[in-house]
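Structure first, commentary second.
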Amino acid sequence: MDSSRNLQLDESDDVVIIYNRVPKTASTSFTNIAYDLCGKNKYHVLHINTTKNNPIMSLQDQVRFVRNVTSWKEMKPGFYHGHVAFLDFTKFGVKRKPIYINVIRDPIERLVSYYYFLRFGDDYRPGLRRRKQGDKKTFDECVAAGGSDCAAEKLWLQIPFFCGHYSECWNVGSRWALEQAKYNLVNEYLLVGVTEELEDFIMMLEASLPRYFRGATELYRTGKKSHLRKTSEKKPPTKESIAKLQQSDIWKMENEFYEFALEQFQFVRAHAVREKDGELYLLAQNFFYEKIYPKIN
């Protein structure tokens, strides 16, 4: 094997992916695919489990985490996932940043899913007792009564997850946080998919990061358990409940971020994928090199 081939292997083995998953966006379904593939594709999967699912790390934990991700050679290549806010590795002086990916969802659908998940759980771990178990109130009843679990403030989650570890990110309704989240999405993430088009997201990851995702599309389409997690007892909200939430400035901002992410995803997809006879296929390499000097004899 020549030295250039060795260099390629070394480089791909040094890659680390961070999936800072937003709750109730099909994140478990997607992460299960990574777990199913890690043995065959030879990489490590690590769940970042924070105390009480707190998405904000202390400064000392940020330093520890950055040190682990960049220096823990035994865990490379590695796929880290957890409910943590975006962390900018640049501030820590590292030479090689991880690759960030994520998935987001229509903000009201995400909130409805989370509301019922807290009460009824899902089919993934049906025996686990949930925080609001026993509360039979529907989402519509909660909205009508002005309950806190379905309040517009609860929509404020996808923006701060992308905005990161800054105080202003978590100020509900902050325009600065929205703009910072948009900036990070296009500058710091390789790809951000949407729950509603998860298969396309997986297909594009397989094409761009085959070291990790070789076989992912086929597994998603045919797998028995990877993508079948469903929140139990979920009832779609009425038009009245949706309209009430949509009057909120918080919904307008979270929806603006979702629409921004969706447009960016569809833009990337349009330049990577074509559809023929109802089937999606990836475009072949569309660039090449010429006029290479000096000439090699």
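As shown in the structure tokens, the chain order sets the letters A, B, ...; within each chain, residues go from 1, and ligands are also counted from 1 in the order they appear.
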Just want the 9 Å neighbourhood of A:Glu153, counted on only C-alpha atoms, with same-chain residues fewer than 4 positions away dropped. Output as an MDAnalysis selection string. chainID A and resid 148:149 157 172:173 248 250:251
What lies within 10 Å of stretch 283-285 of chain A using only C-alpha atoms, ignoring chain neighbours under 5 positions off, as number ranges by chain? A: 207, 270-274
Restricted to N, CA and C atoms, what would the selected residues look like written as a CSV table (one decimal), in the first residue's frame?
```csv
chain,number,residue,atom,x,y,z
A,207,ALA,N,-23.6,9.7,1.0
A,207,ALA,CA,-22.8,10.1,-0.2
A,207,ALA,C,-21.6,11.0,0.2
A,270,ALA,N,-31.1,19.9,-3.9
A,270,ALA,CA,-31.3,20.1,-5.4
A,270,ALA,C,-30.0,20.0,-6.2
A,271,HIS,N,-28.9,20.3,-5.5
A,271,HIS,CA,-27.6,20.2,-6.2
A,271,HIS,C,-26.9,18.9,-6.0
A,272,ALA,N,-27.5,18.0,-5.3
A,272,ALA,CA,-26.9,16.7,-5.0
A,272,ALA,C,-27.7,15.5,-5.5
A,273,VAL,N,-29.0,15.7,-5.6
A,273,VAL,CA,-29.9,14.5,-5.8
A,273,VAL,C,-30.9,14.8,-7.0
A,274,ARG,N,-31.2,13.8,-7.8
A,274,ARG,CA,-32.2,13.9,-8.8
A,274,ARG,C,-33.3,12.8,-8.6
```
May I ask for the distance between atom CA of A:Ile18 and atom CA of A:Val69, given in Å to one decimal place? 9.2 Å
Please, which residues of stretch 249-287 of chain A, numbered as in this document, come out alpha helix (DSSP H) from DSSP, as a ChimeraX atom specification? /A:249-270
Could you write out that same residue set with N, CA, C and O atoms as a PDB file, in the first residue's frame?
```pdb
ATOM      1  N   ASP A 249     -45.040  35.792  18.841  1.00  0.00           N
ATOM      2  CA  ASP A 249     -43.779  36.188  18.201  1.00  0.00           C
ATOM      3  C   ASP A 249     -42.733  35.080  18.320  1.00  0.00           C
ATOM      4  O   ASP A 249     -41.859  34.951  17.462  1.00  0.00           O
ATOM      5  N   ILE A 250     -42.825  34.296  19.379  1.00  0.00           N
ATOM      6  CA  ILE A 250     -41.872  33.202  19.573  1.00  0.00           C
ATOM      7  C   ILE A 250     -42.046  32.163  18.476  1.00  0.00           C
ATOM      8  O   ILE A 250     -41.074  31.691  17.874  1.00  0.00           O
ATOM      9  N   TRP A 251     -43.322  31.799  18.182  1.00  0.00           N
ATOM     10  CA  TRP A 251     -43.560  30.866  17.080  1.00  0.00           C
ATOM     11  C   TRP A 251     -43.038  31.448  15.776  1.00  0.00           C
ATOM     12  O   TRP A 251     -42.398  30.741  14.980  1.00  0.00           O
ATOM     13  N   LYS A 252     -43.286  32.731  15.549  1.00  0.00           N
ATOM     14  CA  LYS A 252     -42.864  33.353  14.281  1.00  0.00           C
ATOM     15  C   LYS A 252     -41.352  33.246  14.100  1.00  0.00           C
ATOM     16  O   LYS A 252     -40.858  32.995  13.003  1.00  0.00           O
ATOM     17  N   MET A 253     -40.602  33.415  15.189  1.00  0.00           N
ATOM     18  CA  MET A 253     -39.141  33.338  15.090  1.00  0.00           C
ATOM     19  C   MET A 253     -38.665  31.899  14.922  1.00  0.00           C
ATOM     20  O   MET A 253     -37.803  31.620  14.080  1.00  0.00           O
ATOM     21  N   GLU A 254     -39.227  30.976  15.708  1.00  0.00           N
ATOM     22  CA  GLU A 254     -38.843  29.569  15.560  1.00  0.00           C
ATOM     23  C   GLU A 254     -39.235  29.052  14.171  1.00  0.00           C
ATOM     24  O   GLU A 254     -38.507  28.265  13.562  1.00  0.00           O
ATOM     25  N   ASN A 255     -40.378  29.492  13.676  1.00  0.00           N
ATOM     26  CA  ASN A 255     -40.800  29.069  12.348  1.00  0.00           C
ATOM     27  C   ASN A 255     -39.909  29.674  11.269  1.00  0.00           C
ATOM     28  O   ASN A 255     -39.600  29.019  10.268  1.00  0.00           O
ATOM     29  N   GLU A 256     -39.486  30.917  11.479  1.00  0.00           N
ATOM     30  CA  GLU A 256     -38.560  31.549  10.527  1.00  0.00           C
ATOM     31  C   GLU A 256     -37.253  30.753  10.454  1.00  0.00           C
ATOM     32  O   GLU A 256     -36.700  30.542   9.376  1.00  0.00           O
ATOM     33  N   PHE A 257     -36.786  30.295  11.606  1.00  0.00           N
ATOM     34  CA  PHE A 257     -35.559  29.491  11.632  1.00  0.00           C
ATOM     35  C   PHE A 257     -35.776  28.148  10.929  1.00  0.00           C
ATOM     36  O   PHE A 257     -34.936  27.700  10.144  1.00  0.00           O
ATOM     37  N   TYR A 258     -36.929  27.529  11.200  1.00  0.00           N
ATOM     38  CA  TYR A 258     -37.234  26.249  10.551  1.00  0.00           C
ATOM     39  C   TYR A 258     -37.316  26.419   9.032  1.00  0.00           C
ATOM     40  O   TYR A 258     -36.756  25.605   8.278  1.00  0.00           O
ATOM     41  N   GLU A 259     -37.999  27.461   8.578  1.00  0.00           N
ATOM     42  CA  GLU A 259     -38.121  27.712   7.127  1.00  0.00           C
ATOM     43  C   GLU A 259     -36.751  27.982   6.509  1.00  0.00           C
ATOM     44  O   GLU A 259     -36.462  27.554   5.384  1.00  0.00           O
ATOM     45  N   PHE A 260     -35.902  28.706   7.238  1.00  0.00           N
ATOM     46  CA  PHE A 260     -34.539  28.991   6.783  1.00  0.00           C
ATOM     47  C   PHE A 260     -33.759  27.679   6.621  1.00  0.00           C
ATOM     48  O   PHE A 260     -33.081  27.452   5.612  1.00  0.00           O
ATOM     49  N   ALA A 261     -33.859  26.810   7.629  1.00  0.00           N
ATOM     50  CA  ALA A 261     -33.163  25.520   7.587  1.00  0.00           C
ATOM     51  C   ALA A 261     -33.696  24.646   6.458  1.00  0.00           C
ATOM     52  O   ALA A 261     -32.921  23.976   5.750  1.00  0.00           O
ATOM     53  N   LEU A 262     -35.014  24.641   6.283  1.00  0.00           N
ATOM     54  CA  LEU A 262     -35.643  23.833   5.234  1.00  0.00           C
ATOM     55  C   LEU A 262     -35.201  24.304   3.854  1.00  0.00           C
ATOM     56  O   LEU A 262     -34.863  23.488   2.986  1.00  0.00           O
ATOM     57  N   GLU A 263     -35.173  25.612   3.655  1.00  0.00           N
ATOM     58  CA  GLU A 263     -34.750  26.156   2.356  1.00  0.00           C
ATOM     59  C   GLU A 263     -33.290  25.796   2.063  1.00  0.00           C
ATOM     60  O   GLU A 263     -32.950  25.421   0.933  1.00  0.00           O
ATOM     61  N   GLN A 264     -32.438  25.889   3.082  1.00  0.00           N
ATOM     62  CA  GLN A 264     -31.031  25.531   2.899  1.00  0.00           C
ATOM     63  C   GLN A 264     -30.883  24.036   2.585  1.00  0.00           C
ATOM     64  O   GLN A 264     -30.120  23.655   1.692  1.00  0.00           O
ATOM     65  N   PHE A 265     -31.627  23.204   3.291  1.00  0.00           N
ATOM     66  CA  PHE A 265     -31.560  21.768   3.037  1.00  0.00           C
ATOM     67  C   PHE A 265     -32.021  21.447   1.619  1.00  0.00           C
ATOM     68  O   PHE A 265     -31.388  20.651   0.907  1.00  0.00           O
ATOM     69  N   GLN A 266     -33.112  22.071   1.198  1.00  0.00           N
ATOM     70  CA  GLN A 266     -33.633  21.804  -0.146  1.00  0.00           C
ATOM     71  C   GLN A 266     -32.688  22.327  -1.227  1.00  0.00           C
ATOM     72  O   GLN A 266     -32.584  21.744  -2.303  1.00  0.00           O
ATOM     73  N   PHE A 267     -31.978  23.405  -0.926  1.00  0.00           N
ATOM     74  CA  PHE A 267     -30.976  23.944  -1.850  1.00  0.00           C
ATOM     75  C   PHE A 267     -29.825  22.947  -2.017  1.00  0.00           C
ATOM     76  O   PHE A 267     -29.407  22.635  -3.138  1.00  0.00           O
ATOM     77  N   VAL A 268     -29.321  22.433  -0.903  1.00  0.00           N
ATOM     78  CA  VAL A 268     -28.235  21.448  -0.954  1.00  0.00           C
ATOM     79  C   VAL A 268     -28.701  20.190  -1.686  1.00  0.00           C
ATOM     80  O   VAL A 268     -27.994  19.653  -2.548  1.00  0.00           O
ATOM     81  N   ARG A 269     -29.904  19.751  -1.367  1.00  0.00           N
ATOM     82  CA  ARG A 269     -30.435  18.539  -2.002  1.00  0.00           C
ATOM     83  C   ARG A 269     -30.599  18.720  -3.510  1.00  0.00           C
ATOM     84  O   ARG A 269     -30.290  17.811  -4.294  1.00  0.00           O
ATOM     85  N   ALA A 270     -31.062  19.885  -3.926  1.00  0.00           N
ATOM     86  CA  ALA A 270     -31.280  20.137  -5.358  1.00  0.00           C
ATOM     87  C   ALA A 270     -29.989  20.040  -6.157  1.00  0.00           C
ATOM     88  O   ALA A 270     -30.018  19.734  -7.359  1.00  0.00           O
TER      89      ALA A 270
END
```
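Excluding stretch 110-113 of chain A itself and same-chain residues fewer than 4 positions from it, the residues having an atom within 8 Å of it are A:Lys24, A:Thr25, A:Arg105, A:Asp106, A:Phe117, A:Phe139, A:Cys150, A:Lys154, A:Leu155, A:Thr231, A:Lys234, A:Pro236, A:Pro237, counting only C-alpha atoms.
If only C-alpha atoms are the atoms counted, then among A:Asn184, A:Arg21, A:Cys169, A:Ile242 the closest residue to A:Ala151 is A:Ile242.
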Going by DSSP on the backbone, which bits of stretch 59-280 of chain A are strand (DSSP E)? Write them as a PyMOL selection string, please. chain A and resi 78-81+99-104+189-194+273-276+279-280
Nearest to A:Asp13: which of A:Val186, A:Cys163, A:Val45, A:Met75 is it, counting only C-alpha atoms? A:Met75
Counting only C-alpha atoms, closest pick from A:Ile33, A:Leu178, A:Ala85, A:Leu209 relative to A:Asn54 is A:Ala85
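Closest to A:Val66 among A:Asn171, A:Gln247, A:Asn102, A:Thr90 is A:Thr90, based on only C-alpha atoms.
In terms of minimum interatomic distance to A:Glu74, A:Val16 ranks closest within A:Val16, A:Ile99, A:Ile48, A:Ile104, counting only C-alpha atoms.
Across the model, the gap from atom CA of A:Thr50 to atom CA of A:Glu206 is 28.6 Å.
Distances here use only C-alpha atoms; by that measure, the residue among A:Arg175, A:Arg221, A:His44, A:Lys97 closest to A:Leu190 is A:Lys97.
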Can you tell me which residues surround A:Ala34 at a distance of at most 9 Å, considering only C-alpha atoms, apart from same-chain residues fewer than 6 positions away, and format the answer as a VMD selection string? chain A and resid 45 79 212 to 213 216
Put those residues in a file: C-alpha atoms, as a CSV table (one decimal), in the first residue's frame.
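Result file follows (out-v3.csv):
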```csv
chain,number,residue,atom,x,y,z
A,45,VAL,CA,-20.7,5.9,18.9
A,79,PHE,CA,-19.8,9.8,16.4
A,212,TYR,CA,-19.6,6.6,8.7
A,213,PHE,CA,-22.8,6.1,6.7
A,216,ALA,CA,-27.4,3.9,6.0
```
